[in-house]
Structures are given as C-alpha cells and as structure tokens.
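J.: Sharing a structure below in structure tokens format, with a few things to ask.
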Amino acid sequence: MKQATLTKSQARKIILHAAGLSKPAPFGKGREAVYKLIDHLGFVQLDTNYVVERAHHHTIAARVPDYKLEWLEELQADGRIFEFFTSDSGFIPMHNFRFSLPVKQGFLSNRKPLTQPEINLMNKVLDRIDREGPLMVKDFENDRQEASLGWWDWRPSKVALERLYLDGRLMTTRTKEFLKVYDLPLNLVPDDIDTTMPTPEEFARHIIRRELKALGIAYAKEIAWRARYVKNNLVKKELEKLVEEGEICKVAVEGLKTAPLYMIPAYKNKKIQLSGDAFILSPFDTLNVFRHRLRDFFDFDYQIECFVPAPKRKYGYFSLPLLIGDIFVARMDSKADRKQKTLIIHNLHFEPVKLSKPMIGKIIDAIQTFARFNQCGDLVISKSNNKQYLKAIKDGLR
C-alpha cells in the first residue's frame, strides 16, 4: 500500500480524534459513555497520585461530561472491565481478557525462582481467599520479620498477594478508598468471556490494532511499549505484515524526519473538525504519556515534574497540560484542598501563544468544570507568567 503523506495539522487532528479529544462528549454521556471510552482506548492508565482527582478518573472526566466516580466501580462490578497491566496498570475491557494472559505468563516466566516458604505462603493466601472470599492486605496478619524500610518495603503477605495477582491467579477490584481487594478470577470473569491463551502473533496484532485505534498515528516503539512485559514480542514483525496485507499503512508527516509512522487507512480521508474546546488533561492521559510525541506533533515539551527534584522543577509538582483545539496553551500546577473544598492553582503558566477572548472564555469554563470535578467550590490562582491573561481569567471566574 502506498505511503500516506500528511501535514502536521492533519496528523494532530487524527491523533486528537483517536484520543477522544477533538470535541466534547465524543462517546456520549452517562455510565455507558465510560464503557465506550475504555473500549475505544483499550486501556485507561491508573495512578495513585491524589494531588487532584486520580488519573483514571481525570482521563474519563475530560471526555465524559458530569462523570461520576462510582461509574467505574459499577462497570467493574458488572464484569465489563478489569484492572491489569499493559505497560502500566490500568482498566481494560473484559472482552479483551484473554490478551492479558501473555502478560501474566511474562511476569511468571521472568520471575526469579521462589523459595519453598514463599511458595507455601502464596498457597496459604490462595486457600484463604478460596475459602473466605475477597480479602485485602489488612486481612492478613502482620508477618513482617524486620522493621519496614519505607512504603516500598512490602511485608511477605502483600508480596504474595501481588505475585498471585501478576501471574493471574488472583484479580483485584478497588474500595472507595482505592485499596485493592483480591479475589479469584472465577468470581470476577463472566462465564461467556474467552479465556484461551492467544498465540504470540494474535497477541501482537491485538496490541497493534488497539494502540493505533487509541493513538491514531504512532511509532513502532510506542506500540511495542504496551507489550513490554512480554519477552520477544512480535509487534514490529507483525506491524510490517499488516502493512503488506493493507490493514495498516505507513505515514509520512511533512516537516518530520523520524522513524516510520503507522496509521489505520480509514483515517487518510476522514474529515475531522476540532471544536476548539479547552481540555485540562492528566499527565497520564493517553495523549501525554509519550513525551516525544508531544514534541514531534504539537511542538510541546512536557514532563511531569513530580518525578523531578524540587529545585529543578520549572512549572510545579503536578502540572496539567491545557489544550485548546490542537494547541497546548498552558500548564496548570494544581492541588485540590479537600478539607477547604478549594482548588489551588499554584502556577498557571501560559505557553507563547496569543489567546483570543473566546479562548480565554474556554479556559475559564474548563477551570470551573475541573474544580467541580474535584468537588471544590472555591478557586485560588497563586501566580502566572502572564498578568494580562491571569487578570482576564480571574475576572471571568468572579
């Protein structure tokens, strides 16, 4: 199939459409829209950081108006989604359950040999959950032999639970406080779900199709990253086969001299209009997880700075990208003070982009919506690098 050539503007539209960010409510409203979103993206990354509402909820709320946190829990209780790993931990549609099996096999085969006491403890944990039903870490006695060295220093029963979870003998749900509840797969996976192990080629093709559906346009390394826990994955080989078969096409983007890019052919002639709405995005949003993509396609150099030593931070601990149309216009370092019900914006840093009055209005709407999503009735903006824009936004928020 002939290689497609796109302008950078066309590429951005395809990427945003695939990410569900070309217009508000692309999947509709209500709980069903949450399922449609997860099914479309194939994976919504989970994160424990609670400076503002957690990343998985944030990702969904950016695309589903008036999102309720309990909808995610309800979809899991209904057996329509489950939590596990691709490259990271996240929520996956249950009908893709069989494609989690190679990852579980990967964890098992890459695990260092266990001692007999470790195996005995895992068997004891499994037996208890089989007899008693779902259990949490706190349901197991404190079996630590030495004082803890920190939050990463798990006690033996927690290690056993996580090993069983990673190799597939246990699955998890979450409490409202975001604590893991461990259960047997037979209690969580519906009877009509296919649980046969896919061949390596099937697994690779699933990853390719799923990632291109969510990313729109992607490099091979981004697609392969989602299968990183499976050794010797065939993603790159199967990608070339799918190109030869015509299911996937190679893409060149004007002005980009990079590694080959790939796309689903249906996007070549698809007419995509951007609404021009403003989206405040999670650092772990599908659009933001690959830093080089943001540089290549959006000329936006973004890094989440909670992993950067404090003296080296430029924008703040948890800076959120702010997108209007296909342009990243600002970064918003925010914290939800839940006791005071106040959204504190420590730093509203504007990119060197000229903003019109309507764009300022879109930012005001987005900030107000984000505050409500974080259950905050009040707003405080501490500082900004653009006094004119800051004044217009503060005036609008009043």
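Letters A, B, ... mark the chains of the structure tokens in the order given; residue numbers begin at 1 per chain; ligand numbers begin at 1, in order shown.
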Which residues are close to A:Lys250, i.e. within 9 Å by only C-alpha atoms, leaving aside same-chain residues fewer than 4 positions away? Reply as a list in words.
T.: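 Here the qualifying residues turn out to be Met1, Lys2, Gln3, Ala4, Thr5, Val243, Pro260, Leu261, Tyr262, Met263, Ile264 and Pro265 of chain A.
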J.: As a PyMOL selection string, please: every residue in stretch 145-249 of chain A that a backbone DSSP assignment puts in helix (DSSP H, G or I).
T.: chain A and resi 156-166+185-188+200-215+220-225+235-245
J.: Could you make a table, as a Markdown table, of the residues of stretch 134-219 of chain A that have an atom within 10 Å of an atom of stretch 73-91 of chain A, each with its nearest atom pair and distance in Å to one decimal, counting only C-alpha atoms, in chain and number order?
T.:
```
| residue | atom | partner | partner_atom | distance |
| --- | --- | --- | --- | --- |
| A:Tyr165 | CA | A:Phe84 | CA | 8.7 |
| A:Leu166 | CA | A:Phe84 | CA | 8.1 |
| A:Gly168 | CA | A:Phe84 | CA | 9.4 |
| A:Met171 | CA | A:Glu83 | CA | 7.7 |
| A:Thr172 | CA | A:Glu83 | CA | 6.7 |
| A:Thr173 | CA | A:Glu83 | CA | 7.2 |
| A:Arg174 | CA | A:Glu73 | CA | 7.5 |
| A:Thr175 | CA | A:Glu73 | CA | 8.5 |
| A:Lys176 | CA | A:Glu73 | CA | 8.4 |
| A:Asn187 | CA | A:Gly79 | CA | 9.5 |
| A:Leu188 | CA | A:Gly79 | CA | 6.3 |
| A:Val189 | CA | A:Gly79 | CA | 6.3 |
| A:Pro190 | CA | A:Gly79 | CA | 6.3 |
| A:Ile193 | CA | A:Gly79 | CA | 9.8 |
| A:Ile207 | CA | A:Thr86 | CA | 9.3 |
```
J.: Just all heavy atoms for this one: save the residues we selected as a compact mmCIF listing (two decimals), in the first residue's frame.
T.:
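And here's result21.txt as it stands now:
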```
# COMPACT_ATOMS: atom_id res chain seq x y z
N TYR A 165 -1.41 -11.91 41.93
CA TYR A 165 -2.14 -11.00 41.03
C TYR A 165 -1.43 -10.89 39.68
O TYR A 165 -2.05 -11.00 38.62
CB TYR A 165 -2.24 -9.62 41.70
CG TYR A 165 -2.61 -8.48 40.79
CD1 TYR A 165 -3.86 -8.44 40.17
CD2 TYR A 165 -1.73 -7.42 40.57
CE1 TYR A 165 -4.22 -7.37 39.34
CE2 TYR A 165 -2.07 -6.37 39.74
CZ TYR A 165 -3.32 -6.34 39.13
OH TYR A 165 -3.66 -5.30 38.31
N LEU A 166 -0.12 -10.74 39.71
CA LEU A 166 0.64 -10.56 38.47
C LEU A 166 0.68 -11.82 37.62
O LEU A 166 0.69 -11.74 36.39
CB LEU A 166 2.07 -10.09 38.78
CG LEU A 166 2.20 -8.67 39.35
CD1 LEU A 166 3.65 -8.37 39.71
CD2 LEU A 166 1.68 -7.63 38.38
N GLY A 168 -1.72 -13.99 37.53
CA GLY A 168 -3.08 -14.27 37.07
C GLY A 168 -3.90 -15.17 37.96
O GLY A 168 -5.07 -15.42 37.67
N MET A 171 -7.22 -11.69 40.95
CA MET A 171 -7.54 -10.42 40.30
C MET A 171 -7.89 -9.42 41.39
O MET A 171 -7.99 -9.79 42.58
CB MET A 171 -8.72 -10.60 39.33
CG MET A 171 -8.35 -11.41 38.08
SD MET A 171 -9.76 -11.70 36.99
CE MET A 171 -10.11 -10.02 36.41
N THR A 172 -8.06 -8.16 41.01
CA THR A 172 -8.34 -7.13 42.02
C THR A 172 -9.53 -6.27 41.61
O THR A 172 -9.80 -6.07 40.43
CB THR A 172 -7.14 -6.20 42.24
OG1 THR A 172 -6.82 -5.55 41.00
CG2 THR A 172 -5.94 -6.94 42.78
N THR A 173 -10.22 -5.79 42.64
CA THR A 173 -11.13 -4.66 42.49
C THR A 173 -10.63 -3.61 43.48
O THR A 173 -9.59 -3.80 44.12
CB THR A 173 -12.58 -5.06 42.80
OG1 THR A 173 -12.64 -5.65 44.11
CG2 THR A 173 -13.10 -6.07 41.77
N ARG A 174 -11.35 -2.50 43.60
CA ARG A 174 -10.89 -1.42 44.50
C ARG A 174 -12.02 -0.97 45.42
O ARG A 174 -13.19 -0.96 45.04
CB ARG A 174 -10.45 -0.21 43.68
CG ARG A 174 -9.28 -0.45 42.76
CD ARG A 174 -7.96 -0.20 43.45
NE ARG A 174 -6.83 -0.47 42.56
CZ ARG A 174 -5.57 -0.17 42.87
NH1 ARG A 174 -5.28 0.42 44.02
NH2 ARG A 174 -4.60 -0.45 42.03
N THR A 175 -11.65 -0.59 46.64
CA THR A 175 -12.62 0.04 47.54
C THR A 175 -12.76 1.52 47.16
O THR A 175 -12.00 2.03 46.33
CB THR A 175 -12.15 -0.03 49.00
OG1 THR A 175 -10.97 0.80 49.14
CG2 THR A 175 -11.82 -1.45 49.42
N LYS A 176 -13.73 2.21 47.76
CA LYS A 176 -13.90 3.65 47.51
C LYS A 176 -12.65 4.43 47.94
O LYS A 176 -12.40 5.52 47.44
CB LYS A 176 -15.14 4.18 48.23
CG LYS A 176 -16.45 3.73 47.58
CD LYS A 176 -17.65 4.31 48.29
CE LYS A 176 -18.93 4.06 47.51
NZ LYS A 176 -19.20 2.63 47.27
N ASN A 187 -14.52 -15.66 40.13
CA ASN A 187 -15.56 -14.83 40.73
C ASN A 187 -15.76 -13.51 40.00
O ASN A 187 -16.75 -12.81 40.23
CB ASN A 187 -15.24 -14.54 42.20
CG ASN A 187 -15.25 -15.79 43.05
OD1 ASN A 187 -16.00 -16.72 42.76
ND2 ASN A 187 -14.42 -15.82 44.08
N LEU A 188 -14.80 -13.14 39.15
CA LEU A 188 -14.85 -11.82 38.50
C LEU A 188 -14.98 -11.87 36.98
O LEU A 188 -15.46 -10.91 36.38
CB LEU A 188 -13.58 -11.02 38.87
CG LEU A 188 -13.40 -10.68 40.36
CD1 LEU A 188 -12.07 -9.99 40.59
CD2 LEU A 188 -14.55 -9.80 40.86
N VAL A 189 -14.55 -12.95 36.38
CA VAL A 189 -14.60 -13.06 34.91
C VAL A 189 -15.91 -13.76 34.52
O VAL A 189 -16.12 -14.91 34.90
CB VAL A 189 -13.40 -13.84 34.35
CG1 VAL A 189 -13.47 -13.93 32.83
CG2 VAL A 189 -12.09 -13.17 34.78
N PRO A 190 -16.78 -13.10 33.76
CA PRO A 190 -18.05 -13.73 33.36
C PRO A 190 -17.82 -15.03 32.57
O PRO A 190 -16.79 -15.20 31.90
CB PRO A 190 -18.71 -12.66 32.48
CG PRO A 190 -18.12 -11.37 32.94
CD PRO A 190 -16.70 -11.70 33.32
N ILE A 193 -16.81 -15.14 28.71
CA ILE A 193 -15.58 -14.50 28.26
C ILE A 193 -14.57 -15.56 27.82
O ILE A 193 -14.34 -16.56 28.51
CB ILE A 193 -14.98 -13.61 29.38
CG1 ILE A 193 -15.89 -12.41 29.66
CG2 ILE A 193 -13.58 -13.12 29.02
CD1 ILE A 193 -16.08 -11.45 28.51
N ILE A 207 -2.39 -5.91 20.06
CA ILE A 207 -1.73 -4.71 20.58
C ILE A 207 -1.66 -3.63 19.49
O ILE A 207 -1.96 -2.45 19.73
CB ILE A 207 -0.31 -5.05 21.09
CG1 ILE A 207 -0.37 -5.95 22.32
CG2 ILE A 207 0.48 -3.77 21.40
CD1 ILE A 207 -0.94 -5.32 23.56
```
J.: Rank nothing, just name the residue among A:Leu186, A:Ile360, A:Val103, A:Leu6 nearest to A:Phe203, using only C-alpha atoms.
T.: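 Among the listed residues, the smallest separation from A:Phe203 belongs to A:Val103.
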J.: Give the strand (DSSP E or B) residues of stretch 255-302 of chain A, as DSSP finds them on the backbone, and put them as a ChimeraX atom specification.
T.: /A:261-263,278-280
